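Listing of work.cif, mmCIF, C-alpha atoms
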data_target
loop_
_atom_site.label_atom_id
_atom_site.label_comp_id
_atom_site.auth_asym_id
_atom_site.auth_seq_id
_atom_site.Cartn_x
_atom_site.Cartn_y
_atom_site.Cartn_z
CA MET A 1 0.00 0.00 0.00
CA THR A 2 2.86 2.39 0.81
CA MET A 3 4.42 1.70 -2.60
CA LEU A 4 1.05 2.39 -4.21
CA PHE A 5 0.87 5.75 -2.43
CA TYR A 6 4.28 6.87 -3.69
CA LEU A 7 3.67 5.55 -7.20
CA ALA A 8 0.34 7.35 -7.50
CA GLY A 9 1.90 10.46 -6.00
CA ALA A 10 4.65 10.42 -8.64
CA VAL A 11 2.08 9.98 -11.41
CA ALA A 12 0.01 12.85 -10.03
CA LEU A 13 3.07 15.11 -9.83
CA ILE A 14 4.35 14.36 -13.33
CA SER A 15 0.95 14.77 -14.96
CA THR A 16 0.20 17.99 -13.07
CA ILE A 17 3.53 19.48 -14.15
CA SER A 18 2.70 18.42 -17.70
CA VAL A 19 -0.59 20.31 -17.43
CA THR A 20 1.26 23.41 -16.28
CA ILE A 21 3.80 23.39 -19.11
CA SER A 22 1.66 22.02 -21.92
CA THR A 23 0.58 24.26 -24.80
CA ASN A 24 -2.22 22.18 -26.29
CA VAL A 25 -5.49 22.49 -24.38
CA VAL A 26 -6.75 18.99 -25.10
CA HIS A 27 -3.42 17.36 -24.17
CA ALA A 28 -3.46 19.34 -20.92
CA LEU A 29 -7.00 18.13 -20.20
CA VAL A 30 -6.01 14.50 -20.70
CA TYR A 31 -3.01 14.99 -18.38
CA LEU A 32 -5.34 16.58 -15.84
CA ILE A 33 -7.64 13.54 -16.01
CA ILE A 34 -4.63 11.28 -15.34
CA SER A 35 -3.64 13.46 -12.40
CA LEU A 36 -7.16 13.32 -10.92
CA LEU A 37 -7.27 9.53 -11.29
CA ALA A 38 -3.91 9.25 -9.54
CA VAL A 39 -5.26 11.39 -6.68
CA ALA A 40 -8.26 9.04 -6.56
CA VAL A 41 -5.84 6.13 -6.05
CA ILE A 42 -4.19 8.08 -3.21
CA PHE A 43 -7.62 8.59 -1.59
CA PHE A 44 -8.24 4.87 -1.85
CA VAL A 45 -4.90 4.09 -0.19
CA LEU A 46 -5.67 6.62 2.56
CA GLY A 47 -8.85 4.73 3.47
CA ALA A 48 -11.38 7.00 1.78
CA PRO A 49 -13.02 4.79 -0.87
CA PHE A 50 -16.12 6.99 -1.21
CA ALA A 51 -14.02 10.09 -1.84
CA ALA A 52 -11.95 8.09 -4.35
CA MET A 53 -15.06 7.02 -6.26
CA LEU A 54 -16.42 10.59 -6.27
CA GLU A 55 -13.06 11.88 -7.48
CA ALA A 56 -13.12 9.43 -10.38
CA ILE A 57 -16.81 9.88 -11.24
CA VAL A 58 -17.44 13.57 -10.59
CA TYR A 59 -14.00 15.16 -11.11
CA ALA A 60 -12.44 13.00 -13.83
CA GLY A 61 -15.78 11.97 -15.29
CA ALA A 62 -18.15 14.92 -15.16
CA ILE A 63 -16.09 18.09 -14.73
CA MET A 64 -13.36 17.14 -17.19
CA VAL A 65 -15.90 16.00 -19.78
CA LEU A 66 -17.63 19.37 -19.35
CA PHE A 67 -14.24 20.97 -20.08
CA LEU A 68 -13.81 18.80 -23.18
CA PHE A 69 -17.28 19.74 -24.44
CA ALA A 70 -16.53 23.42 -23.97
CA MET A 71 -13.20 23.00 -25.80
CA MET A 72 -15.02 21.33 -28.68
CA MET A 73 -17.45 24.26 -28.82
CA LEU A 74 -14.60 26.76 -28.87
CA ASN A 75 -12.67 24.73 -31.47
CA LEU A 76 -9.25 26.23 -30.69
CA GLY A 77 -6.79 25.39 -33.42
CA GLN A 78 -3.11 25.53 -34.22
CA ALA A 79 -3.08 29.33 -34.02
CA THR A 80 -3.91 29.27 -30.32
CA GLU A 81 -1.21 26.70 -29.71
CA ASN A 82 1.40 28.86 -31.44
CA GLU A 83 0.22 31.87 -29.42
CA GLU A 84 0.55 29.80 -26.27
CA LYS A 85 4.12 28.79 -27.19
CA ALA A 86 5.00 32.44 -27.71
CA TRP A 87 3.51 33.40 -24.33
CA LEU A 88 5.43 30.76 -22.41
CA ARG A 89 8.76 32.60 -22.49
CA PRO A 90 11.02 32.00 -19.47
CA GLN A 91 11.22 35.68 -18.50
CA LEU A 92 7.47 35.61 -17.90
CA TRP A 93 7.40 32.69 -15.47
CA VAL A 94 10.84 32.61 -13.84
CA GLY A 95 10.13 35.46 -11.41
CA PRO A 96 6.81 34.26 -9.97
CA GLY A 97 8.02 30.66 -10.18
CA LEU A 98 11.06 31.35 -8.00
CA LEU A 99 9.04 33.30 -5.44
CA ILE A 100 6.42 30.55 -5.19
CA LEU A 101 9.20 27.96 -4.95
CA ALA A 102 10.63 29.85 -1.97
CA LEU A 103 7.23 29.70 -0.26
CA LEU A 104 6.99 25.99 -1.07
CA VAL A 105 10.40 25.33 0.48
CA GLN A 106 9.27 27.09 3.67
CA LEU A 107 6.04 25.07 3.78
CA VAL A 108 7.84 21.77 3.20
CA SER A 109 10.47 22.56 5.83
CA VAL A 110 7.66 23.15 8.35
CA LEU A 111 5.85 19.99 7.32
CA VAL A 112 8.84 17.63 7.58
CA THR A 113 9.31 18.50 11.25
CA GLN A 114 6.14 16.66 12.23
CA ARG A 115 6.68 12.98 11.62
CA VAL A 116 3.49 11.03 12.18
CA ASP A 117 2.90 7.66 10.57
CA VAL A 118 -0.72 7.18 9.59
CA VAL A 119 -2.24 3.74 9.61
CA PRO A 120 -5.25 4.40 7.40
CA VAL A 121 -8.57 3.35 8.88
CA GLU A 122 -11.23 2.89 6.25
CA VAL A 123 -14.10 5.36 6.66
CA GLY A 124 -16.88 3.91 4.60
CA VAL A 125 -20.05 5.26 3.02
CA HIS A 126 -22.19 4.44 6.05
CA GLU A 127 -20.26 6.54 8.58
CA LEU A 128 -19.93 9.33 6.04
CA SER A 129 -23.64 9.48 5.30
CA VAL A 130 -24.55 9.38 8.99
CA LEU A 131 -22.38 12.46 9.44
CA LEU A 132 -23.62 14.14 6.24
CA PHE A 133 -27.28 13.88 7.18
CA GLY A 134 -26.67 14.51 10.85
CA PRO A 135 -24.44 17.39 11.97
CA TRP A 136 -23.58 18.50 8.42
CA LEU A 137 -27.13 18.69 7.09
CA LEU A 138 -27.03 22.48 6.75
CA ALA A 139 -23.83 22.24 4.68
CA VAL A 140 -25.54 19.76 2.34
CA GLU A 141 -28.48 22.12 1.87
CA LEU A 142 -26.13 25.04 1.21
CA ALA A 143 -24.23 22.92 -1.34
CA SER A 144 -27.48 22.17 -3.14
CA MET A 145 -28.29 25.88 -3.30
CA LEU A 146 -24.78 26.57 -4.61
CA LEU A 147 -25.28 23.99 -7.35
CA LEU A 148 -28.66 25.52 -8.27
CA ALA A 149 -27.05 28.97 -8.48
CA GLY A 150 -24.27 27.52 -10.65
CA LEU A 151 -26.81 25.86 -12.93
CA ILE A 152 -28.82 29.06 -13.43
CA ALA A 153 -25.68 31.16 -13.95
CA ALA A 154 -24.20 28.72 -16.47
CA TYR A 155 -27.50 28.58 -18.38
CA HIS A 156 -27.74 32.34 -18.47
CA LEU A 157 -24.09 32.95 -19.40
CA ALA A 158 -23.81 30.37 -22.17
CA LYS A 159 -27.09 31.46 -23.77
CA ARG A 160 -26.74 33.44 -26.96
CA MET B 1 -2.28 -2.26 6.99
CA PRO B 2 1.15 -0.65 6.50
CA SER B 3 1.52 2.96 7.48
CA ILE B 4 1.99 6.04 5.34
CA PRO B 5 3.90 9.10 6.58
CA TYR B 6 1.38 11.86 7.19
CA GLU B 7 3.69 14.68 6.15
CA HIS B 8 4.37 13.12 2.74
CA GLY B 9 0.69 13.38 1.85
CA LEU B 10 0.64 17.02 2.90
CA ILE B 11 3.85 17.74 0.96
CA LEU B 12 2.31 16.18 -2.14
CA ALA B 13 -0.76 18.38 -1.69
CA ALA B 14 1.48 21.45 -1.28
CA ILE B 15 3.44 20.69 -4.46
CA LEU B 16 0.26 20.12 -6.47
CA PHE B 17 -1.13 23.41 -5.11
CA VAL B 18 2.05 25.23 -6.14
CA CYS B 19 1.83 23.79 -9.67
CA GLY B 20 -1.69 25.17 -9.91
CA LEU B 21 -0.63 28.53 -8.48
CA ILE B 22 2.19 28.89 -11.02
CA GLY B 23 -0.33 28.09 -13.76
CA VAL B 24 -2.77 30.74 -12.50
CA LEU B 25 -0.06 33.39 -12.26
CA THR B 26 1.80 32.80 -15.52
CA ARG B 27 -0.76 31.63 -18.06
CA ARG B 28 -2.54 34.01 -20.41
CA ASN B 29 -4.96 31.47 -21.87
CA ILE B 30 -8.10 31.59 -19.72
CA VAL B 31 -8.77 27.88 -20.22
CA PHE B 32 -5.42 27.05 -18.61
CA VAL B 33 -6.16 29.47 -15.78
CA LEU B 34 -9.42 27.64 -15.06
CA MET B 35 -7.65 24.27 -15.22
CA SER B 36 -4.98 25.50 -12.79
CA LEU B 37 -7.76 26.61 -10.43
CA GLU B 38 -9.09 23.05 -10.61
CA ILE B 39 -5.63 21.71 -9.72
CA MET B 40 -5.51 24.02 -6.70
CA LEU B 41 -8.98 22.98 -5.48
CA ASN B 42 -8.04 19.35 -5.94
CA ALA B 43 -4.86 19.83 -3.91
CA CYS B 44 -6.93 21.37 -1.10
CA GLY B 45 -9.22 18.35 -1.19
CA LEU B 46 -6.20 16.04 -1.00
CA ALA B 47 -4.96 17.90 2.07
CA PHE B 48 -8.39 17.51 3.70
CA VAL B 49 -8.49 13.77 3.01
CA VAL B 50 -4.95 13.33 4.35
CA GLY B 51 -6.02 15.13 7.52
CA SER B 52 -9.09 12.93 7.72
CA ALA B 53 -6.89 9.83 7.50
CA ARG B 54 -4.49 11.27 10.09
CA TRP B 55 -7.15 11.82 12.74
CA GLY B 56 -9.26 8.80 11.78
CA HIS B 57 -12.32 10.98 11.36
CA ALA B 58 -14.72 11.50 8.44
CA ASP B 59 -15.05 15.29 8.70
CA GLY B 60 -12.18 15.86 6.27
CA GLN B 61 -13.93 13.73 3.67
CA ILE B 62 -17.09 15.80 4.13
CA MET B 63 -15.07 18.94 3.46
CA PHE B 64 -13.76 17.20 0.33
CA LEU B 65 -17.36 16.65 -0.79
CA MET B 66 -18.03 20.37 -0.29
CA ILE B 67 -14.92 21.22 -2.35
CA LEU B 68 -16.17 18.88 -5.08
CA THR B 69 -19.51 20.69 -5.15
CA LEU B 70 -17.75 24.05 -5.25
CA ALA B 71 -15.50 22.91 -8.11
CA ALA B 72 -18.47 21.67 -10.13
CA ALA B 73 -20.38 24.94 -9.73
CA GLU B 74 -17.25 27.00 -10.42
CA VAL B 75 -16.43 25.09 -13.60
CA ALA B 76 -19.98 25.44 -14.93
CA VAL B 77 -19.96 29.21 -14.42
CA GLY B 78 -16.36 29.59 -15.60
CA LEU B 79 -16.92 27.67 -18.82
CA GLY B 80 -20.05 29.73 -19.49
CA LEU B 81 -17.94 32.87 -19.09
CA ILE B 82 -15.21 31.48 -21.39
CA ILE B 83 -17.76 30.66 -24.11
CA GLN B 84 -19.29 34.14 -23.80
CA MET B 85 -15.82 35.72 -23.95
CA TYR B 86 -14.90 33.71 -27.05
CA ARG B 87 -18.10 34.83 -28.76
CA ARG B 88 -17.39 38.50 -28.08
CA PHE B 89 -13.61 38.71 -28.58
CA HIS B 90 -12.80 35.58 -30.65
CA THR B 91 -9.80 34.82 -28.46
CA VAL B 92 -9.00 33.15 -25.14
CA ASP B 93 -6.30 35.67 -24.21
CA ILE B 94 -7.19 37.24 -20.86
CA SER B 95 -5.27 40.43 -21.61
CA VAL B 96 -8.00 41.56 -24.03
CA LEU B 97 -10.29 41.89 -21.02
CA SER B 98 -8.87 45.27 -20.03
CA GLU B 99 -11.82 47.53 -20.79
CA MET B 100 -12.03 48.75 -17.21
CA LYS B 101 -8.58 50.32 -17.13
CA GLY B 102 -8.60 54.07 -16.97
#
Let me see whether you can do it: turn the structure in this file into structure tokens.
Amino acid sequence: MTMLFYLAGAVALISTISVTISTNVVHALVYLIISLLAVAVIFFVLGAPFAAMLEAIVYAGAIMVLFLFAMMMLNLGQATENEEKAWLRPQLWVGPGLLILALLVQLVSVLVTQRVDVVPVEVGVHELSVLLFGPWLLAVELASMLLLAGLIAAYHLAKR
Amino acid sequence: MPSIPYEHGLILAAILFVCGLIGVLTRRNIVFVLMSLEIMLNACGLAFVVGSARWGHADGQIMFLMILTLAAAEVAVGLGLIIQMYRRFHTVDISVLSEMKG
């Protein structure tokens, strides 16, 4: 299981970096799907099978397919890719990249000081749903209202 | 079940978040900006699930579900905005959206 965690973590890292440096939108989307599936494997290893399934179904399945549909509607061609290559000059990203890297180094150096080994305990659907429809019921209702607002806004914005 | 170091999960989440942040800051194509936002939200969800596994409690997973809902709503609205922008300006370059400058 530990090997699986590191393997999936490496896959997630490589594919996410590929998303960040890729110039073709559709290639980046496929890399992003791979990254999300790798994160789903990590969730499974960490004892969260329900979250892993939702990550695969909702994130990699629904949200990324929505992205693909929108990309097909936009029909971005070679011209956009060439533009993108011209925009990705090193002098544009070296400055912010170095600053963010400094922040990352600080964060990692704080995180490595606390060494705790987790033995994952599986939290299944039953316990999760008892919590969701018990103390977190208000959050579920608010999430449904958020989704309704998103639906209405997307319908209104994408209308001609 | 063999153990997994807690801090390695959090470090992975931090690195994924930083990848997304670099994408948001340096990209000019709005589609890539939206994708990088997705990466950042996903990294936050990973951090929540790692915390949930660390404390053996399901609350972190519930926060992940909330993040999932937020990401779905955000992508729907964001893609609607991108389509509307492409109709008006025929480009996905965010620097054309500078009508409000003085």
Next on the checklist: Calculated over all atoms listed in the file, which of the candidates B:Met63, B:Ala73, B:Val92, B:Ala47 has the smallest distance to chain A?
Outcome noted: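 Answer, going by the shortest atom-to-atom distance: B:Ala73.
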Item to check | atom CA of B:Gly78 to atom CA of A:Leu74, straight-line distance in Å | outcome: 13.7 Å
Next on the checklist: I need the residue nearest A:Leu138 from this list: B:Ile83, B:Ile94, B:Val77, B:Met66. Use all atoms listed in the file for the distance.
Outcome noted: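 Nearest candidate to A:Leu138 out of B:Ile83, B:Ile94, B:Val77, B:Met66: B:Met66.
Between atom CA of B:His57 and atom CA of A:Val123 the interatomic distance comes to 7.5 Å.
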Checklist entry - Could you work out how far atom CA of B:Ala53 lies from atom CA of B:Ile39, giving the answer in Å with one decimal? => result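 Computing the Euclidean distance for atom CA of B:Ile39 and atom CA of B:Ala53 yields 21.0 Å.
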Please produce, as CSV, a per-residue contact table for chain B versus chain A (criterion: any atom at most 6 Å away, only C-alpha atoms considered), showing the nearest atom pair and its distance in Å to one decimal, sorted by chain then residue number.
residue,atom,partner,partner_atom,distance
B:Ser3,CA,A:Val119,CA,4.4
B:Ile4,CA,A:Val118,CA,5.2
B:Pro5,CA,A:Asp117,CA,4.4
B:Tyr6,CA,A:Val116,CA,5.5
B:Glu7,CA,A:Leu111,CA,5.9
B:Gly23,CA,A:Thr20,CA,5.5
B:Thr26,CA,A:Trp93,CA,5.6
B:Ala53,CA,A:Pro120,CA,5.7
B:Arg54,CA,A:Val118,CA,5.6
B:Ala73,CA,A:Gly150,CA,4.8
B:Ala76,CA,A:Ala154,CA,5.6
B:Val77,CA,A:Ala154,CA,4.7
B:Gly80,CA,A:Ala158,CA,4.7
For the selection you just gave me, I'd like the residues written to a file as a short mmCIF file (atom, residue, chain, number, x, y, z; two decimals), in the frame of the given file, keeping C-alpha atoms.
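Listed below is the output, result-v5.cif:
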data_model
loop_
_atom_site.label_atom_id
_atom_site.label_comp_id
_atom_site.auth_asym_id
_atom_site.auth_seq_id
_atom_site.Cartn_x
_atom_site.Cartn_y
_atom_site.Cartn_z
CA SER B 3 1.52 2.96 7.48
CA ILE B 4 1.99 6.04 5.34
CA PRO B 5 3.90 9.10 6.58
CA TYR B 6 1.38 11.86 7.19
CA GLU B 7 3.69 14.68 6.15
CA GLY B 23 -0.33 28.09 -13.76
CA THR B 26 1.80 32.80 -15.52
CA ALA B 53 -6.89 9.83 7.50
CA ARG B 54 -4.49 11.27 10.09
CA ALA B 73 -20.38 24.94 -9.73
CA ALA B 76 -19.98 25.44 -14.93
CA VAL B 77 -19.96 29.21 -14.42
CA GLY B 80 -20.05 29.73 -19.49
#
Next on the checklist: Suppose a student applies the PyMOL selection byres ((chain B and resi 30) around 10) to this structure; what residues should they get, written as a list in words?
Outcome noted: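 For this structure, the PyMOL selection byres ((chain B and resi 30) around 10) resolves to Val24, Arg27, Arg28, Asn29, Val31, Phe32, Val33, Leu34, Met35, Ser36, Gly78, Leu79, Leu81, Ile82, Met85, Thr91, Val92, Asp93, Ile94 and Ser95 of chain B.
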Item to check | Pick from B:Ala43, B:Ala13, B:Met100, B:Val50, whichever lies nearest to B:Leu68 using only C-alpha atoms | outcome: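 Of all the options, B:Ala43 lies closest to B:Leu68.
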Checklist entry - How would you write as an MDAnalysis selection string the residues that get within 7 Å of (-2.6, 17.7, -4.1) in the file's frame, counting all atoms listed in the file? => result chainID B and resid 12:17 42:44 46:47
Checklist entry - In terms of the shortest atom-to-atom distance over only C-alpha atoms, which of A:Pro49, A:Ala56, A:Lys85, A:Phe44 is closest to A:Leu4? => result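 Among A:Pro49, A:Ala56, A:Lys85, A:Phe44, it is A:Phe44 that comes nearest to A:Leu4.
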